[in-house]
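Text of the file target19.cif, holding mmCIF, C-alpha atoms:
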data_final
loop_
_atom_site.label_atom_id
_atom_site.label_comp_id
_atom_site.auth_asym_id
_atom_site.auth_seq_id
_atom_site.Cartn_x
_atom_site.Cartn_y
_atom_site.Cartn_z
CA MET G 26 -41.79 -27.27 41.75
CA SER G 27 -45.57 -26.84 42.02
CA ARG G 28 -47.64 -25.68 39.08
CA VAL G 29 -48.33 -22.32 40.73
CA VAL G 30 -44.76 -21.01 40.58
CA PRO G 31 -43.93 -21.84 36.93
CA SER G 32 -47.35 -20.68 35.72
CA ALA G 33 -46.96 -17.37 37.61
CA LEU G 34 -43.44 -16.87 36.24
CA LEU G 35 -44.63 -17.66 32.72
CA ALA G 36 -47.46 -15.16 33.12
CA LEU G 37 -44.93 -12.53 34.25
CA CYS G 38 -42.80 -13.22 31.18
CA LEU G 39 -45.81 -12.84 28.88
CA PHE G 40 -46.81 -9.64 30.67
CA THR G 41 -43.34 -8.17 30.14
CA VAL G 42 -43.22 -9.10 26.45
CA THR G 43 -46.51 -7.31 25.82
CA PHE G 44 -45.63 -4.49 28.24
CA ALA G 45 -42.90 -3.51 25.76
CA VAL G 46 -45.30 -3.41 22.80
CA ASN G 47 -47.16 -0.18 23.62
CA LEU G 48 -44.49 1.27 25.90
CA GLN G 49 -43.59 3.94 23.34
CA ALA G 50 -47.18 4.88 22.38
CA PRO G 51 -47.35 8.17 24.38
CA LEU G 52 -44.23 9.30 22.48
CA TYR G 53 -45.53 8.60 18.97
CA ASP G 54 -46.11 12.29 18.30
CA VAL G 55 -42.56 13.10 19.47
CA TYR G 56 -40.99 10.52 17.15
CA ALA G 57 -43.19 11.72 14.30
CA ALA G 58 -42.28 15.37 14.92
CA ALA G 59 -38.57 14.46 14.94
CA SER G 60 -38.97 13.14 11.40
CA ASN G 61 -41.56 15.73 10.31
CA VAL G 62 -44.22 13.17 9.27
CA GLY G 63 -48.02 13.18 9.45
CA ALA G 64 -50.85 10.94 10.63
CA THR G 65 -50.41 8.40 7.82
CA ALA G 66 -46.77 7.83 8.77
CA VAL G 67 -47.68 7.43 12.45
CA THR G 68 -50.29 4.77 11.66
CA VAL G 69 -47.85 3.01 9.31
CA ALA G 70 -45.28 2.88 12.12
CA PHE G 71 -47.92 1.60 14.52
CA SER G 72 -48.95 -1.10 12.04
CA ALA G 73 -45.36 -2.12 11.29
CA TYR G 74 -45.82 -4.25 14.40
CA VAL G 75 -48.00 -6.52 12.29
CA GLY G 76 -45.30 -6.56 9.60
CA GLY G 77 -43.10 -8.43 12.06
CA LEU G 78 -45.85 -10.42 13.70
CA MET G 79 -47.75 -11.87 10.73
CA PRO G 80 -44.81 -13.56 8.93
CA THR G 81 -43.72 -15.01 12.27
CA LEU G 82 -47.21 -16.36 12.95
CA LEU G 83 -47.62 -17.75 9.45
CA LEU G 84 -44.18 -19.37 9.15
CA LEU G 85 -43.00 -19.93 12.71
CA GLY G 86 -46.24 -20.33 14.65
CA GLY G 87 -45.28 -23.92 15.46
CA LEU G 88 -41.58 -23.21 16.06
CA SER G 89 -41.86 -24.09 19.75
CA ASP G 90 -42.96 -27.61 18.76
CA ARG G 91 -39.43 -28.07 17.36
CA ILE G 92 -37.19 -26.10 19.77
CA GLY G 93 -39.30 -26.16 22.93
CA ARG G 94 -41.50 -23.54 24.60
CA ARG G 95 -38.88 -21.68 26.63
CA ILE G 96 -36.46 -20.36 23.99
CA PRO G 97 -39.07 -18.37 21.99
CA ILE G 98 -40.27 -16.68 25.19
CA ALA G 99 -36.73 -15.72 26.23
CA LEU G 100 -36.01 -14.43 22.71
CA ALA G 101 -39.19 -12.33 22.79
CA LEU G 102 -38.04 -10.65 26.01
CA VAL G 103 -34.67 -9.83 24.44
CA LEU G 104 -36.33 -8.41 21.31
CA GLY G 105 -38.48 -6.10 23.45
CA SER G 106 -35.38 -4.69 25.11
CA VAL G 107 -33.53 -4.28 21.81
CA ALA G 108 -36.47 -2.46 20.20
CA THR G 109 -36.78 -0.03 23.10
CA THR G 110 -33.02 0.57 23.21
CA LEU G 111 -33.12 1.51 19.53
CA LEU G 112 -35.65 4.27 20.25
CA VAL G 113 -33.57 5.61 23.12
CA GLN G 114 -30.36 5.68 21.10
CA ALA G 115 -31.85 7.20 17.93
CA PRO G 116 -35.44 8.42 18.35
CA SER G 117 -37.09 8.86 14.95
CA TRP G 118 -40.01 7.66 12.87
CA THR G 119 -37.76 5.26 10.93
CA ASN G 120 -36.49 3.59 14.07
CA LEU G 121 -40.03 3.46 15.45
CA VAL G 122 -40.93 1.35 12.39
CA VAL G 123 -37.97 -0.98 12.99
CA ALA G 124 -38.77 -1.23 16.70
CA ARG G 125 -42.40 -2.08 16.01
CA VAL G 126 -41.35 -4.86 13.61
CA LEU G 127 -39.10 -6.36 16.31
CA LEU G 128 -41.88 -6.10 18.87
CA GLY G 129 -44.25 -7.89 16.50
CA ILE G 130 -41.82 -10.77 16.06
CA GLY G 131 -41.43 -11.06 19.82
CA THR G 132 -45.16 -11.04 20.47
CA ALA G 133 -45.80 -13.78 17.92
CA LEU G 134 -43.09 -16.00 19.41
CA ALA G 135 -44.24 -15.47 23.00
CA THR G 136 -48.00 -15.81 22.54
CA THR G 137 -47.93 -18.98 20.44
CA SER G 138 -45.43 -20.80 22.64
CA GLY G 139 -46.77 -19.27 25.86
CA THR G 140 -50.37 -20.35 25.28
CA ALA G 141 -49.34 -23.93 24.61
CA TYR G 142 -46.86 -23.91 27.50
CA MET G 143 -49.40 -22.59 30.02
CA THR G 144 -51.88 -25.33 29.09
CA GLU G 145 -49.17 -27.97 29.43
CA ILE G 146 -48.15 -26.66 32.85
CA LEU G 147 -51.72 -26.58 34.21
CA GLY G 148 -53.04 -29.61 32.32
CA ILE G 149 -55.54 -29.97 29.48
CA ASN G 150 -58.42 -30.28 31.96
CA ARG G 151 -57.71 -26.65 32.93
CA ALA G 152 -57.38 -25.32 29.39
CA LYS G 153 -59.81 -22.44 29.98
CA THR G 154 -57.96 -21.40 33.14
CA ALA G 155 -54.71 -21.47 31.16
CA ALA G 156 -56.32 -19.31 28.48
CA LEU G 157 -57.50 -16.89 31.17
CA MET G 158 -53.98 -16.58 32.61
CA VAL G 159 -52.51 -15.89 29.17
CA THR G 160 -55.16 -13.35 28.19
CA SER G 161 -54.92 -11.64 31.59
CA ALA G 162 -51.14 -11.37 31.48
CA THR G 163 -51.02 -10.13 27.90
CA SER G 164 -53.94 -7.73 28.32
CA LEU G 165 -52.32 -6.14 31.37
CA GLY G 166 -49.05 -5.95 29.47
CA PHE G 167 -50.49 -4.34 26.34
CA GLY G 168 -52.24 -1.69 28.42
CA GLY G 169 -49.71 -1.33 31.22
CA GLY G 170 -46.79 -0.27 29.02
CA ALA G 171 -48.57 2.79 27.65
CA LEU G 172 -49.88 3.76 31.08
CA ALA G 173 -46.44 3.38 32.67
CA THR G 174 -44.87 5.68 30.08
CA GLY G 175 -47.72 8.16 30.41
CA ILE G 176 -47.23 8.33 34.18
CA SER G 177 -43.46 8.56 33.78
CA LEU G 178 -43.80 11.53 31.43
CA LYS G 179 -46.18 13.29 33.82
CA VAL G 180 -43.75 12.84 36.72
CA GLN G 181 -40.49 13.44 34.84
CA GLY G 182 -41.68 15.92 32.27
CA PRO G 183 -40.69 15.68 28.58
CA THR G 184 -37.99 13.03 28.11
CA LEU G 185 -36.98 10.35 25.64
CA LEU G 186 -35.88 8.02 28.44
CA PRO G 187 -38.91 7.65 30.73
CA THR G 188 -38.62 5.51 33.84
CA SER G 189 -40.89 2.91 32.23
CA TYR G 190 -38.15 2.20 29.67
CA ILE G 191 -35.58 1.77 32.42
CA VAL G 192 -37.85 -0.70 34.24
CA LEU G 193 -38.05 -2.80 31.08
CA PHE G 194 -34.26 -2.73 30.65
CA VAL G 195 -33.86 -4.08 34.19
CA ILE G 196 -36.50 -6.81 34.32
CA ALA G 197 -36.53 -8.18 30.76
CA PRO G 198 -33.01 -9.73 30.81
CA VAL G 199 -33.65 -11.25 34.24
CA LEU G 200 -36.92 -12.78 33.06
CA ALA G 201 -35.26 -14.09 29.90
CA ILE G 202 -32.88 -16.09 32.09
CA ILE G 203 -35.75 -17.25 34.30
CA ALA G 204 -37.74 -18.34 31.22
CA LEU G 205 -34.91 -20.65 30.18
CA ARG G 206 -34.93 -22.18 33.67
CA LEU G 207 -38.66 -22.97 33.78
CA PRO G 208 -39.54 -26.68 34.00
CA LYS G 209 -39.56 -28.66 30.77
CA VAL G 210 -43.04 -30.16 30.47
CA PHE G 211 -43.05 -30.52 26.68
CA HIS G 212 -40.80 -32.77 24.62
CA SER G 213 -39.87 -31.21 21.29
CA LYS G 214 -40.86 -33.02 18.11
CA PRO G 215 -38.71 -33.76 15.02
CA VAL G 216 -40.80 -31.46 12.84
CA SER G 217 -39.91 -28.73 10.34
CA LEU G 218 -38.79 -25.37 11.70
CA LEU G 219 -41.22 -23.68 9.31
CA ARG G 220 -44.72 -24.69 10.37
CA LEU G 221 -47.89 -23.05 9.05
CA PRO G 222 -50.82 -22.23 11.38
CA VAL G 223 -53.81 -24.54 11.64
CA PHE G 224 -57.43 -23.41 11.73
CA PRO G 225 -59.60 -25.85 13.68
CA THR G 226 -63.00 -26.62 12.16
CA GLY G 227 -65.77 -24.36 13.39
CA THR G 228 -63.54 -21.56 14.70
CA TRP G 229 -63.77 -19.17 11.73
CA VAL G 230 -66.28 -16.92 13.47
CA PHE G 231 -63.97 -16.55 16.49
CA GLY G 232 -61.17 -15.49 14.15
CA ALA G 233 -63.46 -13.05 12.31
CA ALA G 234 -64.56 -11.58 15.62
CA MET G 235 -60.94 -11.13 16.66
CA ALA G 236 -60.16 -9.32 13.40
CA LEU G 237 -63.09 -6.99 13.94
CA ALA G 238 -62.37 -6.42 17.63
CA TRP G 239 -58.66 -5.76 17.27
CA SER G 240 -59.12 -3.44 14.30
CA THR G 241 -61.25 -1.38 16.68
CA THR G 242 -58.60 -1.52 19.37
CA GLY G 243 -56.00 -0.52 16.78
CA MET G 244 -58.04 2.58 15.96
CA THR G 245 -58.38 3.40 19.64
CA ILE G 246 -54.69 3.21 20.47
CA SER G 247 -53.29 4.74 17.28
CA VAL G 248 -55.73 7.28 15.82
CA VAL G 249 -57.56 8.46 18.94
CA PRO G 250 -54.33 9.70 20.63
CA LEU G 251 -53.72 11.91 17.58
CA GLN G 252 -57.16 13.47 18.06
CA LEU G 253 -56.52 13.90 21.77
CA ALA G 254 -53.27 15.71 21.00
CA ALA G 255 -55.09 17.96 18.51
CA ASN G 256 -57.56 18.89 21.26
CA ASP G 257 -54.78 19.59 23.81
CA LEU G 258 -55.63 16.40 25.67
CA GLY G 259 -52.43 14.53 24.83
CA GLY G 260 -51.70 13.96 28.51
CA TRP G 261 -54.60 11.48 28.59
CA THR G 262 -53.14 9.23 25.89
CA GLY G 263 -51.54 6.76 28.30
CA LEU G 264 -54.78 6.37 30.26
CA VAL G 265 -56.86 5.88 27.10
CA ILE G 266 -54.54 3.15 25.82
CA PHE G 267 -54.48 1.53 29.25
CA LEU G 268 -58.29 1.54 29.49
CA ALA G 269 -58.53 0.24 25.91
CA ILE G 270 -57.06 -3.01 27.21
CA PHE G 271 -57.31 -3.07 31.02
CA VAL G 272 -61.12 -3.02 31.19
CA GLY G 273 -61.09 -6.12 29.03
CA PHE G 274 -58.85 -7.77 31.61
CA LEU G 275 -61.43 -6.96 34.30
CA CYS G 276 -64.15 -8.59 32.20
CA GLN G 277 -62.25 -11.84 31.61
CA PRO G 278 -63.40 -13.56 34.84
CA ILE G 279 -66.99 -12.86 33.75
CA ALA G 280 -66.25 -14.24 30.29
CA LYS G 281 -64.73 -17.37 31.85
CA ARG G 282 -68.06 -18.16 33.52
CA MET G 283 -69.88 -17.90 30.18
CA SER G 284 -69.75 -20.36 27.32
CA ASN G 285 -67.40 -19.34 24.54
CA THR G 286 -70.35 -18.80 22.21
CA GLN G 287 -72.15 -16.55 24.70
CA ALA G 288 -69.02 -14.47 25.30
CA LEU G 289 -68.50 -14.13 21.56
CA ALA G 290 -72.09 -12.97 20.98
CA LEU G 291 -71.76 -10.31 23.68
CA GLY G 292 -68.53 -9.16 22.10
CA PHE G 293 -70.31 -8.65 18.77
CA VAL G 294 -72.77 -6.31 20.48
CA LEU G 295 -70.20 -4.30 22.42
CA ILE G 296 -67.64 -3.77 19.63
CA PRO G 297 -69.66 -1.31 17.49
CA MET G 298 -71.47 0.15 20.50
CA GLY G 299 -68.22 1.14 22.16
CA PHE G 300 -66.70 2.74 19.09
CA LEU G 301 -69.86 4.75 18.38
CA VAL G 302 -69.76 6.13 21.93
CA LEU G 303 -66.06 6.93 21.49
CA LEU G 304 -66.78 8.65 18.16
CA ALA G 305 -69.50 10.74 19.80
CA GLY G 306 -66.99 11.77 22.47
CA VAL G 307 -64.42 12.83 19.87
CA TRP G 308 -67.08 14.75 17.90
CA ALA G 309 -68.35 16.54 21.04
CA GLU G 310 -64.82 16.88 22.50
CA MET G 311 -66.10 15.23 25.70
CA LEU G 312 -63.36 13.32 27.48
CA MET G 313 -65.79 11.28 29.58
CA LEU G 314 -67.52 9.90 26.48
CA ILE G 315 -64.15 9.07 24.94
CA LEU G 316 -63.15 7.17 28.07
CA ALA G 317 -66.54 5.41 28.26
CA GLY G 318 -66.36 4.30 24.63
CA THR G 319 -62.80 3.11 25.16
CA CYS G 320 -63.91 1.01 28.14
CA ILE G 321 -66.75 -0.61 26.17
CA THR G 322 -64.52 -1.52 23.22
CA SER G 323 -61.97 -2.88 25.66
CA ALA G 324 -64.57 -5.13 27.30
CA ALA G 325 -65.48 -6.48 23.87
CA SER G 326 -61.98 -6.91 22.47
CA TYR G 327 -59.76 -7.99 25.35
CA GLY G 328 -62.52 -9.32 27.57
CA PHE G 329 -65.16 -11.45 25.93
CA THR G 330 -63.84 -11.93 22.38
CA TYR G 331 -60.16 -12.55 23.22
CA LEU G 332 -60.75 -15.10 25.97
CA ALA G 333 -63.54 -16.92 24.12
CA SER G 334 -61.44 -17.22 20.95
CA LEU G 335 -58.25 -18.36 22.66
CA ALA G 336 -60.11 -20.89 24.80
CA GLU G 337 -62.04 -22.26 21.82
CA VAL G 338 -59.02 -22.92 19.59
CA SER G 339 -57.08 -24.34 22.54
CA LEU G 340 -59.86 -26.84 23.23
CA ARG G 341 -60.26 -27.80 19.58
CA ALA G 342 -56.56 -28.32 18.79
CA ASP G 343 -55.13 -30.55 21.48
CA GLU G 344 -52.12 -31.73 19.43
CA ASP G 345 -51.44 -28.48 17.58
CA ARG G 346 -52.17 -25.86 20.20
CA ALA G 347 -49.29 -23.53 19.30
CA ARG G 348 -50.16 -23.58 15.59
CA ALA G 349 -53.88 -23.13 16.31
CA THR G 350 -53.07 -20.10 18.46
CA ALA G 351 -51.01 -18.77 15.58
CA GLY G 352 -54.00 -19.26 13.29
CA MET G 353 -56.35 -17.41 15.59
CA LEU G 354 -53.90 -14.53 16.02
CA ALA G 355 -53.37 -14.42 12.24
CA TYR G 356 -57.08 -13.67 11.89
CA ALA G 357 -56.82 -10.99 14.59
CA TYR G 358 -53.80 -9.25 13.19
CA PHE G 359 -54.99 -9.45 9.61
CA GLY G 360 -57.71 -7.01 10.64
CA PHE G 361 -55.42 -4.94 12.85
CA PRO G 362 -53.31 -2.77 10.50
CA LEU G 363 -55.34 -2.11 7.34
CA PRO G 364 -58.14 0.01 8.89
CA VAL G 365 -55.57 1.92 10.92
CA ILE G 366 -53.40 2.77 7.90
CA ALA G 367 -56.46 3.62 5.77
CA SER G 368 -57.78 5.87 8.54
CA GLY G 369 -54.41 7.60 8.80
CA ALA G 370 -54.49 8.35 5.07
CA LEU G 371 -58.08 9.62 5.30
CA ALA G 372 -57.14 11.72 8.33
CA ASP G 373 -54.40 13.49 6.38
CA GLN G 374 -56.90 14.31 3.62
CA PHE G 375 -60.17 14.94 5.46
CA GLY G 376 -59.39 15.08 9.18
CA LEU G 377 -59.32 12.55 12.01
CA LEU G 378 -63.02 12.81 12.84
CA SER G 379 -64.06 12.01 9.26
CA ALA G 380 -61.68 9.06 9.17
CA MET G 381 -63.14 7.68 12.39
CA ALA G 382 -66.69 8.11 11.06
CA VAL G 383 -65.83 6.11 7.93
CA PHE G 384 -64.31 3.36 10.06
CA ALA G 385 -67.43 3.23 12.27
CA THR G 386 -69.66 2.80 9.21
CA VAL G 387 -67.56 -0.05 7.83
CA GLN G 388 -67.31 -1.63 11.27
CA VAL G 389 -71.08 -1.74 11.82
CA ALA G 390 -71.64 -3.20 8.34
CA ALA G 391 -68.96 -5.86 8.87
CA THR G 392 -70.41 -6.83 12.25
CA LEU G 393 -73.90 -7.28 10.82
CA MET G 394 -72.55 -9.37 7.93
CA ILE G 395 -70.47 -11.69 10.15
CA VAL G 396 -73.30 -12.21 12.66
CA THR G 397 -75.78 -12.94 9.85
CA VAL G 398 -73.53 -15.60 8.31
CA TRP G 399 -72.81 -17.09 11.74
CA LYS G 400 -76.51 -17.38 12.60
CA ARG G 401 -77.25 -18.96 9.22
CA HIS G 402 -74.54 -21.59 9.74
CA ARG G 403 -75.78 -22.35 13.26
CA ASN G 404 -79.37 -22.74 12.07
CA GLN G 405 -78.22 -25.09 9.30
CA ARG G 406 -76.32 -27.24 11.82
CA ILE G 407 -79.36 -27.38 14.10
CA ALA G 408 -81.62 -28.32 11.18
CA HIS G 409 -79.31 -31.21 10.21
CA ALA G 410 -78.83 -32.42 13.78
#
Any chance you could give the structure as structure tokens?
Amino acid sequence: MSRVVPSALLALCLFTVTFAVNLQAPLYDVYAAASNVGATAVTVAFSAYVGGLMPTLLLLGGLSDRIGRRIPIALALVLGSVATTLLVQAPSWTNLVVARVLLGIGTALATTSGTAYMTEILGINRAKTAALMVTSATSLGFGGGALATGISLKVQGPTLLPTSYIVLFVIAPVLAIIALRLPKVFHSKPVSLLRLPVFPTGTWVFGAAMALAWSTTGMTISVVPLQLAANDLGGWTGLVIFLAIFVGFLCQPIAKRMSNTQALALGFVLIPMGFLVLLAGVWAEMLMLILAGTCITSAASYGFTYLASLAEVSLRADEDRARATAGMLAYAYFGFPLPVIASGALADQFGLLSAMAVFATVQVAATLMIVTVWKRHRNQRIAHA
């Protein structure tokens, strides 16, 4: 079997795992209404994803080194189906929390093993291409699920079983079987099942950038839809979530032609710029500004920052690629839930716009601090060279 077929099938598996993650996003308000909960509860449910993902990254990030790359990917596909089935059978805020935890576990298993597996299929000399395939597949998946449900709801009307869910139920089990049949290019090691992440030297700034970027994306796909619904623009939620990730996918080929450092620097500029534009759109109730800001943050988060970070840790951790990926994602998801939950609490007290304004202020300050420390470290290295 050539490298093209297994790498394409692996990419499809990773796409489907992440497709399930935001599949239910356009129905958040419905699940919340069924349980009579407010904005804080919605953001807690959204962030429960990290409650499943972080322990898996921290304790099982190197699991595929012990049991092989294929089983974790197949298990992730099954978990995505189980989580979605739970919401169909008993739609509620409580089950949304449980589903998000399961989806987080699946994502952690698939991304750590999938990144290492893709590099092994294509070869270490094509590590950046492998990183591009992983980031492209997962970016399309994260954004595509929400868009698919949004379109399904527009076509079908209000329903708790949109066509997008049915598509997942059909393809996920098939892909799980296919994942187990992919070629074995990695020989498992006699290591502990519980393996902590590793953090390659010199990659802290990439992790910090991921935390900053994905906290912004978390705000965009959890809090902004609540504001859209309040302004009678709820029908645009699926598109906003799709753009929050898909534009980044479009930027990844550009990022691939840049050095990882250059892509990271551009990401630092675009992250606060995009959210400020989005905030202006929410304040002025201008949909076009909201969409423009969403596109800019997407370019920063899932375009330049995501690819640069994944490629950098993959290159710097040849023997521990799965655990290094876990380390990088631990940075990213450490920053993902806390601002979202805090903003949900502020929104319940002072309104969504005020909560977003507070986040923007903290975001700009954090960006300036990280960039300042990064430049100081680079200047010190140059001085000692």
Q) Between G:Ile270, G:Val230, G:Ile130, G:Leu377, which has the minimum distance to Leu84 (chain G) (counting only C-alpha atoms)? A)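 Under the stated criterion, the closest residue is G:Ile130.
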Q | Nearest to Ile203 (chain G), chosen from G:Ala372, G:Val396, G:Val75, G:Ile98, with only C-alpha atoms counted in the distances | A |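 Looking at the shortest contact to Ile203 (chain G), the residue is G:Ile98.
Minimum atom-to-atom distance to Thr109 (chain G), evaluated using only C-alpha atoms, belongs to G:Leu127 out of G:Val69, G:Val55, G:Leu127, G:Leu316.
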Q: Would you kindly identify which residues have an atom no farther than 12 Å from (-70.0, -11.9, 24.3), using all atoms listed in the file and the file's own coordinates, and write them out as a ChimeraX atom specification?
A: /G:231,234-235,238,273,276-277,279-296,321-322,324-334
Chain and number of each residue from the PyMOL selection byres ((chain G and resi 146-160) around 10), as an mmCIF file with C-alpha atoms, in the coordinates of the input:
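Listed below is the output, out-v8.cif:
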data_model
loop_
_atom_site.group_PDB
_atom_site.id
_atom_site.type_symbol
_atom_site.label_atom_id
_atom_site.label_comp_id
_atom_site.auth_asym_id
_atom_site.auth_seq_id
_atom_site.Cartn_x
_atom_site.Cartn_y
_atom_site.Cartn_z
ATOM 1 C CA SER G 27 -45.570 -26.840 42.020
ATOM 2 C CA ARG G 28 -47.640 -25.680 39.080
ATOM 3 C CA VAL G 29 -48.330 -22.320 40.730
ATOM 4 C CA PRO G 31 -43.930 -21.840 36.930
ATOM 5 C CA SER G 32 -47.350 -20.680 35.720
ATOM 6 C CA ALA G 33 -46.960 -17.370 37.610
ATOM 7 C CA LEU G 35 -44.630 -17.660 32.720
ATOM 8 C CA ALA G 36 -47.460 -15.160 33.120
ATOM 9 C CA LEU G 37 -44.930 -12.530 34.250
ATOM 10 C CA LEU G 39 -45.810 -12.840 28.880
ATOM 11 C CA PHE G 40 -46.810 -9.640 30.670
ATOM 12 C CA THR G 136 -48.000 -15.810 22.540
ATOM 13 C CA GLY G 139 -46.770 -19.270 25.860
ATOM 14 C CA THR G 140 -50.370 -20.350 25.280
ATOM 15 C CA ALA G 141 -49.340 -23.930 24.610
ATOM 16 C CA TYR G 142 -46.860 -23.910 27.500
ATOM 17 C CA MET G 143 -49.400 -22.590 30.020
ATOM 18 C CA THR G 144 -51.880 -25.330 29.090
ATOM 19 C CA GLU G 145 -49.170 -27.970 29.430
ATOM 20 C CA SER G 161 -54.920 -11.640 31.590
ATOM 21 C CA ALA G 162 -51.140 -11.370 31.480
ATOM 22 C CA THR G 163 -51.020 -10.130 27.900
ATOM 23 C CA SER G 164 -53.940 -7.730 28.320
ATOM 24 C CA LEU G 165 -52.320 -6.140 31.370
ATOM 25 C CA GLY G 166 -49.050 -5.950 29.470
ATOM 26 C CA PRO G 208 -39.540 -26.680 34.000
ATOM 27 C CA LYS G 209 -39.560 -28.660 30.770
ATOM 28 C CA VAL G 210 -43.040 -30.160 30.470
ATOM 29 C CA PHE G 211 -43.050 -30.520 26.680
ATOM 30 C CA GLY G 273 -61.090 -6.120 29.030
ATOM 31 C CA PHE G 274 -58.850 -7.770 31.610
ATOM 32 C CA GLN G 277 -62.250 -11.840 31.610
ATOM 33 C CA PRO G 278 -63.400 -13.560 34.840
ATOM 34 C CA ALA G 280 -66.250 -14.240 30.290
ATOM 35 C CA LYS G 281 -64.730 -17.370 31.850
ATOM 36 C CA ARG G 282 -68.060 -18.160 33.520
ATOM 37 C CA ASN G 285 -67.400 -19.340 24.540
ATOM 38 C CA TYR G 327 -59.760 -7.990 25.350
ATOM 39 C CA GLY G 328 -62.520 -9.320 27.570
ATOM 40 C CA TYR G 331 -60.160 -12.550 23.220
ATOM 41 C CA LEU G 332 -60.750 -15.100 25.970
ATOM 42 C CA ALA G 333 -63.540 -16.920 24.120
ATOM 43 C CA SER G 334 -61.440 -17.220 20.950
ATOM 44 C CA LEU G 335 -58.250 -18.360 22.660
ATOM 45 C CA ALA G 336 -60.110 -20.890 24.800
ATOM 46 C CA GLU G 337 -62.040 -22.260 21.820
ATOM 47 C CA VAL G 338 -59.020 -22.920 19.590
ATOM 48 C CA SER G 339 -57.080 -24.340 22.540
ATOM 49 C CA LEU G 340 -59.860 -26.840 23.230
ATOM 50 C CA ASP G 343 -55.130 -30.550 21.480
#
(Q) So that I can see what lies close to region 173-182 of chain G, please list as a ChimeraX atom specification the residues with an atom at most 7 Å from it, counting only C-alpha atoms and leaving out residues fewer than 4 positions away in the same chain. (A) /G:48,51,169,187-189,263
